[in-house]
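Shown next, in structure tokens, is the structure this report addresses.
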Amino acid sequence: MSTSPKPPYDFLPYTILARNKLPFLSEVFESIHLKGIFDETVETRLKYDELFLMQLGLALQDQDKKTESITIDVDKDFLKNVEKKLPFELTVDQKKAINVILNDMTASLESTRLLQGDVGSGKTIVALICALAVLKNNYQICIMSPTTTLAEQTFAVAKQFLEDEGFKVELLVNTTKKKNEIFQAVKDFKIHCLVGTHALLNENLTFNNLGFLVIDEQHRFGVDQRKMLSSKGKSAYCLIMSATPIPRSLSLAIYGKTKVVEIRAMPKNRKPISTIHLYKSQEEKAFLHARKEILNKHQVYIVFALIEDSESKADFDSLMGSFEDIKKRYFSEFNCALLHSNVKSTEKTKIFHDFVKRKIDCLMSTTVIEVGIDNPNATIIIIENAENYGLAQLHQLRGRVGRSDLDSFCYLVTKDKISSLAKKRIEALLSTNDGFEIAKQDLILRGMGEIYSTRQHGLPDLEFADILRDAKLLEKAQSDVNELIKMGYPLNEGLLKIVEHKWQRKFSFARVL
């Protein structure tokens, strides 16, 4: 005689089940295994459980860390005094972001904040103004960038801004020669602000009193790297900066209770970039326009996909094969440079510097220019084979121009026949310059899983719930978890084992920042 397995005990309090109109697990078990019914009620319970366990894992890790942020004192006229010294006017959004972050630290409200802003919206100066307030409270600052070029540019701005206030700023990248001297100076508090790349993860780097950690384009760093850097300042306030806006529901899932502040407005006098789509047979229009811009003392980018001919990707233009031809046909009398991933770091840095100093008129490159180069004099970017890039990447590349009050243009050159998906990407770029809208369109076109994989962020995989579609259910689950933690609700051993099983090794990494 066969016996049916016992229905599971419910791990959720009755109040939560009643409030969210969720069935008991025994009812879910009966519906699926005995009646063969999988209706909306059953599905909602399974989705809720996944989201609840995810948020509980984040909350328990937050609780386990027991990290209190630094507390600082800020003069009431601090921001006004800083603004008087700036050669430009801060936007309303920048001021709001600064006040929010400073309020976090003066009241010890948060230890982490996510700062989202479009390409060129002025996130760096926001971080540096907040850094200045922290420095005035006798703490050190650490800023990590994803590329050497971006680190060097941040260092140059930080040095000019902070050393005028009497604080020592230094750069640490892989090519830095006197690393040991820098390590000692940081330990002795002779360096107040250290800007760098992955080189900051060196185990020999020890801060005397780290109070403010800035991680730029944090999605470019792995969870292990972010955890290692965070460990260098146990009570340091962490500011995560991202030019890839994400929906609130997704930030809840990835960052837990981490609050988000946004910079939506662009700096004054910035003109919107004119985006033009051309087919390959029409691309001469773009090159002739680029010639005119150079003759007007401006500079241009031309972006290619590959660095050498490849039989497996015959549809791609070869950078090496096209450079000499385009230079000869359109830019023979101008200074041109070729940049790709195989160029040595020192030479790459020199090319970037020469381009910013206007010694190079036309920079032909692969996508290595996607982040880390800021040249207000560049007015045209021509992206070859634009159909082969993702929407977010195209928007990042477009953001290399439009960084001043000059009229700027982005040419998207594609084959005559492109896929419907590629066509939708092009149409999205033609319709808006707003990075937040672009991010939304990218999610619609590609789906959350491809862009924000749970593996990248250290989250457990979801079988039933969808973070975007089930945003309201996610918010309810987070609210319920926070309520249970706050009231000290006794979490039974079975529930904790479920959480541990769900998260497995990921548990120690998911809430690094």
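We label chains A, B, ... in the order they appear in the structure tokens, count residues from 1 in each chain, and number ligands from 1 in the order shown.
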
Please list as a short mmCIF file (atom, residue, chain, number, x, y, z; two decimals) with N, CA and C atoms, in the first residue's frame every residue within 12 Å of Thr15 in chain A, counting only C-alpha atoms and excluding residues in the same chain fewer than 4 positions away.
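As a result, selection02.cif now contains:
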data_model
loop_
_atom_site.label_atom_id
_atom_site.label_comp_id
_atom_site.auth_asym_id
_atom_site.auth_seq_id
_atom_site.Cartn_x
_atom_site.Cartn_y
_atom_site.Cartn_z
N PHE A 11 7.03 27.73 6.75
CA PHE A 11 8.08 28.49 7.45
C PHE A 11 7.73 29.97 7.58
N ARG A 19 -1.68 38.65 5.25
CA ARG A 19 -1.53 40.00 4.69
C ARG A 19 -1.37 39.97 3.17
N ASN A 20 -0.60 38.98 2.69
CA ASN A 20 -0.33 38.89 1.25
C ASN A 20 -1.26 37.92 0.51
N LYS A 21 -2.26 37.39 1.27
CA LYS A 21 -3.24 36.47 0.68
C LYS A 21 -2.56 35.29 0.00
N LEU A 22 -1.61 34.69 0.72
CA LEU A 22 -0.85 33.55 0.20
C LEU A 22 -1.39 32.25 0.79
N PRO A 23 -1.40 31.19 0.00
CA PRO A 23 -1.86 29.90 0.52
C PRO A 23 -0.79 29.26 1.41
N PHE A 24 -1.21 28.33 2.29
CA PHE A 24 -0.25 27.58 3.09
C PHE A 24 0.54 26.65 2.16
N ASP A 480 8.42 42.69 4.39
CA ASP A 480 8.11 41.65 5.38
C ASP A 480 9.37 41.17 6.10
N GLU A 483 10.58 43.77 8.55
CA GLU A 483 9.69 43.81 9.72
C GLU A 483 10.05 42.68 10.70
N LEU A 484 10.28 41.48 10.15
CA LEU A 484 10.63 40.34 11.00
C LEU A 484 11.97 40.56 11.71
#

**Q.** Secondary structure check, strand (DSSP E or B) residues of range 117-213 of chain A, as an NGL selection string
**A.** :A and (117 or 140-144 or 169-172 or 193-196 or 210-213)

**Q.** All residues 8 Å or closer to Ala133 in chain A, only C-alpha atoms, same chain fewer than 2 positions away omitted, as a list in words
**A.** Ile72, Val74, Phe78, Leu102, Ile129, Cys130, Ala131, Leu135, Lys136 and Asn137 of chain A

Q.
Can you tell me which residues surround Val126 in chain A at a distance of at most 8 Å, considering only C-alpha atoms, apart from same-chain residues fewer than 5 positions away, and format the answer as a PyMOL selection string?
A. chain A and resi 94-95+97-98

Expected file contents, prior selection, N, CA and C atoms, as a tab-separated table (two decimals), in the first residue's frame:
chain	number	residue	atom	x	y	z
A	94	GLN	N	22.84	67.27	-8.94
A	94	GLN	CA	24.14	67.09	-8.30
A	94	GLN	C	24.11	67.58	-6.84
A	95	LYS	N	23.50	68.73	-6.63
A	95	LYS	CA	23.38	69.27	-5.26
A	95	LYS	C	22.58	68.34	-4.38
A	97	ALA	N	22.19	65.10	-4.75
A	97	ALA	CA	22.98	63.89	-4.49
A	97	ALA	C	24.01	64.13	-3.40
A	98	ILE	N	24.68	65.28	-3.47
A	98	ILE	CA	25.70	65.62	-2.47
A	98	ILE	C	25.07	65.71	-1.08

**Q.** Atomic distance CA of Ala286 in chain A - CA of Ala243 in chain A, expressed in Å with one decimal
**A.** 27.4 Å

Q | Pro87 in chain A surroundings by only C-alpha atoms, 12 Å radius, close-in-sequence under 3 positions cut, as a ChimeraX atom specification | A | /A:82-84,90,125,161

Q.
Could you check the closest approach to Glu170 in chain A for each of A:Leu115, A:Ile141, A:Val300, A:Leu150 and tell me which residue wins, using only C-alpha atoms?
A.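 Among A:Leu115, A:Ile141, A:Val300, A:Leu150, it is A:Ile141 that comes nearest to Glu170 in chain A.
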
Q. Residues at most 8 Å from range 326-343 of chain A, counting only C-alpha atoms, excluding those fewer than 2 positions away in the same chain, as a ChimeraX atom specification?
A. /A:287-288,291,307,322-324,345,347-348,351,359-368

Q) Can you tell me, as a VMD selection string, what residues are no more than 10 Å from Gly120 in chain A when counting only C-alpha atoms, ignoring any on the same chain fewer than 5 positions away? A) chain A and resid 243 266 to 267 270 374 396 399 to 404

Q: Would you return as JSON, numbers by chain the members of range 37-241 of chain A that DSSP assigns to alpha helix (DSSP H) on this structure's backbone?
A: {"A": [40, 41, 42, 43, 44, 45, 46, 47, 48, 49, 50, 51, 52, 53, 54, 55, 56, 57, 58, 59, 60, 61, 62, 63, 64, 65, 78, 79, 80, 81, 82, 83, 84, 85, 92, 93, 94, 95, 96, 97, 98, 99, 100, 101, 102, 103, 104, 105, 106, 123, 124, 125, 126, 127, 128, 129, 130, 131, 132, 133, 134, 135, 148, 149, 150, 151, 152, 153, 154, 155, 156, 157, 158, 159, 160, 161, 162, 163, 179, 180, 181, 182, 183, 184, 185, 186, 187, 223, 224, 225, 226, 227, 228, 229, 230]}

Next, the residues of the selection above should be written as a short mmCIF file (atom, residue, chain, number, x, y, z; two decimals), in the first residue's frame with C-alpha atoms.
data_model
loop_
_atom_site.label_atom_id
_atom_site.label_comp_id
_atom_site.auth_asym_id
_atom_site.auth_seq_id
_atom_site.Cartn_x
_atom_site.Cartn_y
_atom_site.Cartn_z
CA GLU A 40 -2.05 31.77 -10.16
CA THR A 41 -2.41 31.38 -6.38
CA VAL A 42 0.13 28.55 -6.26
CA GLU A 43 2.52 30.38 -8.59
CA THR A 44 2.34 33.56 -6.50
CA ARG A 45 3.26 31.64 -3.35
CA LEU A 46 6.26 30.03 -5.07
CA LYS A 47 7.40 33.40 -6.43
CA TYR A 48 7.00 35.05 -3.05
CA ASP A 49 9.01 32.31 -1.32
CA GLU A 50 11.94 32.80 -3.72
CA LEU A 51 11.93 36.56 -3.27
CA PHE A 52 11.47 36.29 0.50
CA LEU A 53 14.43 33.91 0.84
CA MET A 54 16.55 36.18 -1.38
CA GLN A 55 15.79 39.24 0.74
CA LEU A 56 16.23 37.29 3.98
CA GLY A 57 19.68 36.20 2.82
CA LEU A 58 20.62 39.82 2.11
CA ALA A 59 19.20 41.00 5.43
CA LEU A 60 20.98 38.31 7.45
CA GLN A 61 24.27 39.13 5.78
CA ASP A 62 23.73 42.84 6.54
CA GLN A 63 23.04 41.88 10.15
CA ASP A 64 26.06 39.60 10.26
CA LYS A 65 28.40 42.33 9.03
CA PHE A 78 30.16 73.75 3.24
CA LEU A 79 28.50 73.25 -0.14
CA LYS A 80 28.00 76.99 -0.76
CA ASN A 81 31.69 77.63 -0.08
CA VAL A 82 32.73 74.81 -2.42
CA GLU A 83 30.45 76.08 -5.20
CA LYS A 84 32.08 79.52 -5.07
CA LYS A 85 35.41 77.94 -6.05
CA VAL A 92 20.04 70.66 -9.04
CA ASP A 93 20.45 66.87 -9.20
CA GLN A 94 24.14 67.09 -8.30
CA LYS A 95 23.38 69.27 -5.26
CA LYS A 96 20.65 66.89 -4.17
CA ALA A 97 22.98 63.89 -4.49
CA ILE A 98 25.70 65.62 -2.47
CA ASN A 99 23.26 66.56 0.30
CA VAL A 100 21.83 63.03 0.42
CA ILE A 101 25.27 61.42 0.71
CA LEU A 102 26.51 63.92 3.29
CA ASN A 103 23.32 63.44 5.29
CA ASP A 104 23.97 59.68 5.29
CA MET A 105 27.31 60.28 6.96
CA THR A 106 26.38 63.09 9.35
CA LYS A 123 29.13 61.91 -10.92
CA THR A 124 32.87 62.36 -10.30
CA ILE A 125 32.62 65.92 -8.95
CA VAL A 126 29.78 64.80 -6.66
CA ALA A 127 32.04 62.08 -5.25
CA LEU A 128 34.97 64.50 -4.84
CA ILE A 129 32.91 67.15 -3.03
CA CYS A 130 31.69 64.49 -0.60
CA ALA A 131 35.28 63.25 -0.30
CA LEU A 132 36.39 66.75 0.69
CA ALA A 133 33.87 66.80 3.54
CA VAL A 134 35.19 63.44 4.76
CA LEU A 135 38.83 64.56 4.50
CA THR A 148 44.06 53.10 -16.07
CA THR A 149 42.92 55.94 -18.32
CA LEU A 150 39.83 56.63 -16.25
CA ALA A 151 41.89 56.41 -13.04
CA GLU A 152 44.39 58.93 -14.44
CA GLN A 153 41.65 61.34 -15.42
CA THR A 154 39.98 61.03 -12.01
CA PHE A 155 43.38 61.52 -10.36
CA ALA A 156 44.02 64.71 -12.34
CA VAL A 157 40.64 66.18 -11.30
CA ALA A 158 41.01 65.01 -7.69
CA LYS A 159 44.56 66.40 -7.43
CA GLN A 160 43.49 69.83 -8.67
CA PHE A 161 40.38 69.94 -6.51
CA LEU A 162 41.66 68.44 -3.24
CA GLU A 163 45.27 69.61 -3.11
CA LYS A 179 54.41 51.23 -5.05
CA ASN A 180 56.12 50.44 -1.74
CA GLU A 181 56.67 54.13 -1.02
CA ILE A 182 52.98 54.78 -1.66
CA PHE A 183 51.95 51.88 0.59
CA GLN A 184 54.04 53.31 3.44
CA ALA A 185 52.80 56.87 2.90
CA VAL A 186 49.16 55.69 2.97
CA LYS A 187 49.81 53.73 6.17
CA VAL A 223 32.33 40.33 -6.21
CA ASP A 224 35.60 38.97 -4.81
CA GLN A 225 37.42 42.16 -5.80
CA ARG A 226 34.76 44.40 -4.32
CA LYS A 227 34.81 42.41 -1.09
CA MET A 228 38.60 42.67 -0.86
CA LEU A 229 38.55 46.44 -1.34
CA SER A 230 35.72 46.92 1.16
#

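Closest approach to Gly122 in chain A among A:His395, A:Lys344, A:His277, A:Lys268: A:Lys268, based on only C-alpha atoms.
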
Q: Record the distance separating CA of Glu387 in chain A and CA of Val356 in chain A, expressed in Å with one decimal.
A: 28.4 Å

Q. Between A:Leu397, A:Leu391, A:Leu201, A:Leu194, which one has atoms that come closest to Ala422 in chain A, using only C-alpha atoms?
A.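 When distances to Ala422 in chain A are compared using only C-alpha atoms, the smallest one comes from A:Leu391.
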